[in-house]
$ cat input_35.txt   # compact mmCIF, C-alpha atoms
# COMPACT_ATOMS: atom_id res chain seq x y z
CA LEU A 1239 17.35 0.20 1.87
CA VAL A 1240 13.63 0.92 2.02
CA ALA A 1241 11.19 0.99 -0.89
CA LEU A 1242 7.98 2.96 -0.56
CA GLY A 1243 4.71 2.17 -2.28
CA ASP A 1244 1.45 4.03 -2.80
CA MET A 1245 -1.28 1.40 -2.48
CA LYS A 1246 -4.10 3.84 -3.23
CA ASN A 1247 -2.85 5.43 -6.45
CA ALA A 1248 -0.97 2.56 -8.07
CA TRP A 1249 -2.23 0.91 -11.24
CA ARG A 1250 -4.99 -1.61 -10.60
CA ARG A 1251 -5.50 -4.81 -12.55
CA VAL A 1252 -8.54 -4.82 -14.80
CA GLY A 1253 -11.13 -7.37 -13.72
CA ASP A 1254 -10.51 -7.59 -9.99
CA ASP A 1255 -9.24 -4.04 -9.28
CA HIS A 1256 -6.21 -5.47 -7.43
CA SER A 1257 -3.32 -3.03 -6.91
CA ILE A 1258 -0.10 -4.48 -8.29
CA VAL A 1259 2.14 -2.02 -6.45
CA GLU A 1260 3.72 -4.84 -4.40
CA ILE A 1261 4.54 -6.83 -7.55
CA ASP A 1262 6.07 -3.85 -9.35
CA LEU A 1263 7.92 -2.75 -6.23
CA GLY A 1264 9.30 -6.27 -5.72
CA ILE A 1265 10.71 -6.28 -9.25
CA VAL A 1266 12.37 -2.89 -8.81
CA PHE A 1267 13.65 -3.74 -5.33
CA GLU A 1268 15.22 -6.99 -6.50
CA HIS A 1269 17.06 -5.07 -9.23
CA ALA A 1270 18.35 -2.66 -6.54
CA VAL A 1271 19.51 -5.58 -4.37
CA LEU A 1272 21.27 -7.22 -7.34
CA ALA A 1273 22.96 -3.92 -8.26
CA ALA A 1274 24.12 -3.46 -4.64
CA THR A 1275 25.53 -6.99 -4.65
CA ALA A 1276 27.36 -6.30 -7.91
CA GLU A 1277 28.96 -3.30 -6.18
CA GLY A 1278 30.27 -5.51 -3.37
CA LEU A 1279 27.54 -4.94 -0.80
CA SER A 1280 25.89 -7.69 1.19
CA THR A 1281 22.09 -7.56 1.24
CA CYS A 1282 19.22 -9.33 2.94
CA TRP A 1283 15.51 -8.80 2.44
CA VAL A 1284 13.80 -8.15 5.78
CA CYS A 1285 10.27 -9.47 6.07
CA ALA A 1286 9.80 -9.49 9.85
CA TYR A 1287 8.88 -5.89 10.55
CA ASP A 1288 5.73 -4.06 11.62
CA ARG A 1289 4.75 -1.95 8.62
CA LYS A 1290 2.77 0.55 10.70
CA ARG A 1291 5.68 1.11 13.10
CA MET A 1292 8.14 1.37 10.20
CA ASP A 1293 5.95 3.97 8.50
CA GLU A 1294 5.75 5.94 11.75
CA ALA A 1295 9.52 5.76 12.30
CA LEU A 1296 10.11 7.05 8.76
CA LYS A 1297 7.43 9.73 9.27
CA LEU A 1298 5.53 8.55 6.21
CA GLY A 1299 2.10 9.94 5.54
CA GLU A 1300 -0.76 8.59 3.50
CA PRO A 1301 -0.71 7.14 0.93
CA TRP A 1302 2.95 5.99 1.28
CA SER A 1303 4.07 2.85 3.10
CA ALA A 1304 7.34 0.93 3.50
CA LEU A 1305 6.70 -2.20 1.43
CA ALA A 1306 10.22 -3.61 1.14
CA VAL A 1307 13.27 -3.43 3.42
CA SER A 1308 16.81 -4.76 3.01
CA ARG A 1309 19.89 -4.28 5.07
CA LEU A 1310 23.05 -3.30 3.23
CA ARG A 1311 26.61 -3.71 4.45
CA LEU A 1312 30.10 -3.71 3.07
CA ARG A 1313 31.71 -7.08 2.65
CA THR A 1314 34.83 -6.99 4.76
CA SER A 1315 35.93 -10.55 5.46
CA ARG A 1316 37.73 -12.88 3.07
CA ALA A 1317 34.73 -15.24 3.22
CA ASP A 1318 32.40 -12.36 2.30
CA ARG A 1319 34.56 -11.43 -0.68
CA ALA A 1320 34.72 -15.09 -1.76
CA GLN A 1321 30.91 -15.32 -1.59
CA ALA A 1322 30.61 -12.16 -3.70
CA GLY A 1323 32.83 -13.73 -6.35
CA ALA A 1324 30.63 -16.82 -6.34
CA GLY A 1325 27.55 -14.72 -6.97
CA THR A 1326 25.91 -15.36 -3.63
CA VAL A 1327 24.21 -12.68 -1.60
$ encode --input "input_35.txt" --output "structure tokens"
Amino acid sequence: LVALGDMKNAWRRVGDDHSIVEIDLGIVFEHAVLAATAEGLSTCWVCAYDRKRMDEALKLGEPWSALAVSRLRLRTSRADRAQAGAGTV
């Protein structure tokens, strides 16, 4: 699961002109991860990736960039299913 953000055209906070695209994207992405978990998928946010290489691999052009990544997989083991029932990711 990959979420794309547009750093240049996103809303900017009044006062310091800071783009809040990463904040908004984080909120939306967490909802997607929670929904996937509710459907029985296992998820894990991935933070250790090279954004430039990821953008190139996905053939993204300006102004888009991969700002959030999570792996998804089906829970197959009994332990995985037990964890899902306990509400863990």
$ closest_residue --input "input_35.txt" --among "A:Met1245, A:Leu1312, A:Val1271, A:Leu1263" --to "Trp1283 of chain A" --atoms "only C-alpha atoms"
A:Val1271
$ atom_distance --input "input_35.txt" --atom1 "atom CA of Lys1290 of chain A" --atom2 "atom CA of Val1252 of chain A"
28.4 Å
$ atom_distance --input "input_35.txt" --atom1 "atom CA of Arg1291 of chain A" --atom2 "atom CA of His1256 of chain A"
24.6 Å
$ atom_distance --input "input_35.txt" --atom1 "atom CA of Glu1277 of chain A" --atom2 "atom CA of Arg1313 of chain A"
10.0 Å
$ residues_around --input "input_35.txt" --residues "Ser1257 of chain A" --least-positions-apart "4" --cutoff "8 Å" --atoms "all atoms listed in the file" --output "short mmCIF file (atom, residue, chain, number, x, y, z; two decimals) with C-alpha atoms, in the frame of the given file"
data_model
loop_
_atom_site.label_atom_id
_atom_site.label_comp_id
_atom_site.auth_asym_id
_atom_site.auth_seq_id
_atom_site.Cartn_x
_atom_site.Cartn_y
_atom_site.Cartn_z
CA MET A 1245 -1.28 1.40 -2.48
CA LYS A 1246 -4.10 3.84 -3.23
CA ALA A 1248 -0.97 2.56 -8.07
CA TRP A 1249 -2.23 0.91 -11.24
CA ARG A 1250 -4.99 -1.61 -10.60
CA ARG A 1251 -5.50 -4.81 -12.55
#
$ closest_residue --input "input_35.txt" --among "A:Val1259, A:Asp1293, A:Gly1278, A:Leu1305" --to "Asn1247 of chain A" --atoms "only C-alpha atoms"
A:Val1259
$ residues_near_point --input "input_35.txt" --point "(18.0, -2.8, -6.3)" --cutoff "12 Å" --atoms "all atoms listed in the file" --output "NGL selection string"
:A and (1239-1241 or 1263-1277 or 1279-1283 or 1306-1310)
$ axis_aligned_box --input "input_35.txt" --around "segment 1290-1304 of chain A" --padding-each-side "5 Å" --output "lines of an AutoDock Vina configuration file"
center_x = 4.7
center_y = 5.2
center_z = 7.0
size_x = 20.9
size_y = 19.4
size_z = 22.2
$ decode --input "input_35.txt" --residues "segment 1271-1287 of chain A" --atoms "all heavy atoms" --output "compact mmCIF listing (two decimals), in the first residue's frame"
# COMPACT_ATOMS: atom_id res chain seq x y z
N VAL A 1271 -4.93 1.58 6.94
CA VAL A 1271 -4.29 0.46 7.64
C VAL A 1271 -5.28 -0.18 8.63
O VAL A 1271 -5.38 -1.41 8.71
CB VAL A 1271 -3.01 0.94 8.35
CG1 VAL A 1271 -2.50 -0.07 9.35
CG2 VAL A 1271 -1.93 1.26 7.33
N LEU A 1272 -6.03 0.63 9.35
CA LEU A 1272 -7.02 0.10 10.29
C LEU A 1272 -8.13 -0.66 9.56
O LEU A 1272 -8.57 -1.72 10.01
CB LEU A 1272 -7.61 1.22 11.15
CG LEU A 1272 -6.64 1.84 12.16
CD1 LEU A 1272 -7.26 3.10 12.77
CD2 LEU A 1272 -6.23 0.85 13.22
N ALA A 1273 -8.57 -0.13 8.42
CA ALA A 1273 -9.60 -0.81 7.63
C ALA A 1273 -9.07 -2.15 7.10
O ALA A 1273 -9.78 -3.16 7.12
CB ALA A 1273 -10.05 0.08 6.47
N ALA A 1274 -7.82 -2.17 6.64
CA ALA A 1274 -7.21 -3.42 6.15
C ALA A 1274 -7.14 -4.44 7.29
O ALA A 1274 -7.43 -5.63 7.09
CB ALA A 1274 -5.83 -3.14 5.58
N THR A 1275 -6.76 -4.00 8.47
CA THR A 1275 -6.68 -4.89 9.62
C THR A 1275 -8.06 -5.44 9.97
O THR A 1275 -8.20 -6.63 10.26
CB THR A 1275 -6.08 -4.14 10.84
OG1 THR A 1275 -4.80 -3.64 10.48
CG2 THR A 1275 -5.97 -5.04 12.04
N ALA A 1276 -9.08 -4.60 9.89
CA ALA A 1276 -10.44 -5.05 10.17
C ALA A 1276 -10.91 -6.11 9.17
O ALA A 1276 -11.75 -6.94 9.49
CB ALA A 1276 -11.40 -3.86 10.15
N GLU A 1277 -10.32 -6.09 7.98
CA GLU A 1277 -10.66 -7.07 6.94
C GLU A 1277 -9.80 -8.33 7.02
O GLU A 1277 -9.87 -9.19 6.16
CB GLU A 1277 -10.54 -6.44 5.56
CG GLU A 1277 -11.56 -5.35 5.30
CD GLU A 1277 -12.99 -5.84 5.36
OE1 GLU A 1277 -13.26 -6.97 4.89
OE2 GLU A 1277 -13.85 -5.10 5.88
N GLY A 1278 -8.96 -8.41 8.06
CA GLY A 1278 -8.15 -9.61 8.26
C GLY A 1278 -6.78 -9.56 7.64
O GLY A 1278 -6.09 -10.58 7.56
N LEU A 1279 -6.33 -8.39 7.21
CA LEU A 1279 -4.99 -8.27 6.65
C LEU A 1279 -4.01 -7.83 7.73
O LEU A 1279 -4.37 -7.11 8.66
CB LEU A 1279 -4.98 -7.24 5.52
CG LEU A 1279 -5.82 -7.59 4.29
CD1 LEU A 1279 -5.89 -6.41 3.35
CD2 LEU A 1279 -5.26 -8.81 3.59
N SER A 1280 -2.78 -8.26 7.59
CA SER A 1280 -1.71 -7.82 8.46
C SER A 1280 -1.02 -6.65 7.78
O SER A 1280 -0.81 -6.66 6.56
CB SER A 1280 -0.73 -8.98 8.68
OG SER A 1280 0.38 -8.55 9.42
N THR A 1281 -0.68 -5.63 8.53
CA THR A 1281 -0.06 -4.43 7.96
C THR A 1281 1.18 -4.05 8.75
O THR A 1281 1.36 -4.48 9.89
CB THR A 1281 -1.03 -3.24 7.99
OG1 THR A 1281 -1.30 -2.90 9.35
CG2 THR A 1281 -2.33 -3.55 7.27
N CYS A 1282 2.01 -3.24 8.14
CA CYS A 1282 3.19 -2.72 8.83
C CYS A 1282 3.68 -1.49 8.08
O CYS A 1282 4.04 -1.58 6.91
CB CYS A 1282 4.29 -3.78 8.88
SG CYS A 1282 5.77 -3.20 9.74
N TRP A 1283 3.67 -0.35 8.75
CA TRP A 1283 4.21 0.86 8.14
C TRP A 1283 5.68 0.63 7.85
O TRP A 1283 6.42 0.07 8.67
CB TRP A 1283 4.11 2.04 9.11
CG TRP A 1283 2.78 2.69 9.23
CD1 TRP A 1283 1.68 2.17 9.84
CD2 TRP A 1283 2.40 3.97 8.75
NE1 TRP A 1283 0.65 3.07 9.78
CE2 TRP A 1283 1.06 4.18 9.11
CE3 TRP A 1283 3.08 4.96 8.06
CZ2 TRP A 1283 0.39 5.35 8.81
CZ3 TRP A 1283 2.40 6.13 7.75
CH2 TRP A 1283 1.07 6.32 8.12
N VAL A 1284 6.14 1.07 6.69
CA VAL A 1284 7.54 0.96 6.31
C VAL A 1284 8.12 2.37 6.27
O VAL A 1284 7.64 3.22 5.54
CB VAL A 1284 7.69 0.30 4.92
CG1 VAL A 1284 9.15 0.24 4.50
CG2 VAL A 1284 7.06 -1.09 4.92
N CYS A 1285 9.13 2.59 7.09
CA CYS A 1285 9.76 3.91 7.14
C CYS A 1285 11.15 3.92 6.50
O CYS A 1285 11.63 4.97 6.09
CB CYS A 1285 9.88 4.39 8.58
SG CYS A 1285 8.28 4.67 9.35
N ALA A 1286 11.77 2.76 6.42
CA ALA A 1286 13.14 2.67 5.91
C ALA A 1286 13.13 2.43 4.40
O ALA A 1286 13.31 1.31 3.93
CB ALA A 1286 13.90 1.57 6.64
N TYR A 1287 12.87 3.48 3.65
CA TYR A 1287 12.96 3.40 2.20
C TYR A 1287 13.47 4.73 1.66
O TYR A 1287 13.33 5.77 2.30
CB TYR A 1287 11.62 3.02 1.56
CG TYR A 1287 10.54 4.08 1.65
CD1 TYR A 1287 10.33 4.96 0.59
CD2 TYR A 1287 9.72 4.20 2.76
CE1 TYR A 1287 9.34 5.93 0.65
CE2 TYR A 1287 8.74 5.15 2.83
CZ TYR A 1287 8.55 6.02 1.78
OH TYR A 1287 7.57 6.98 1.86
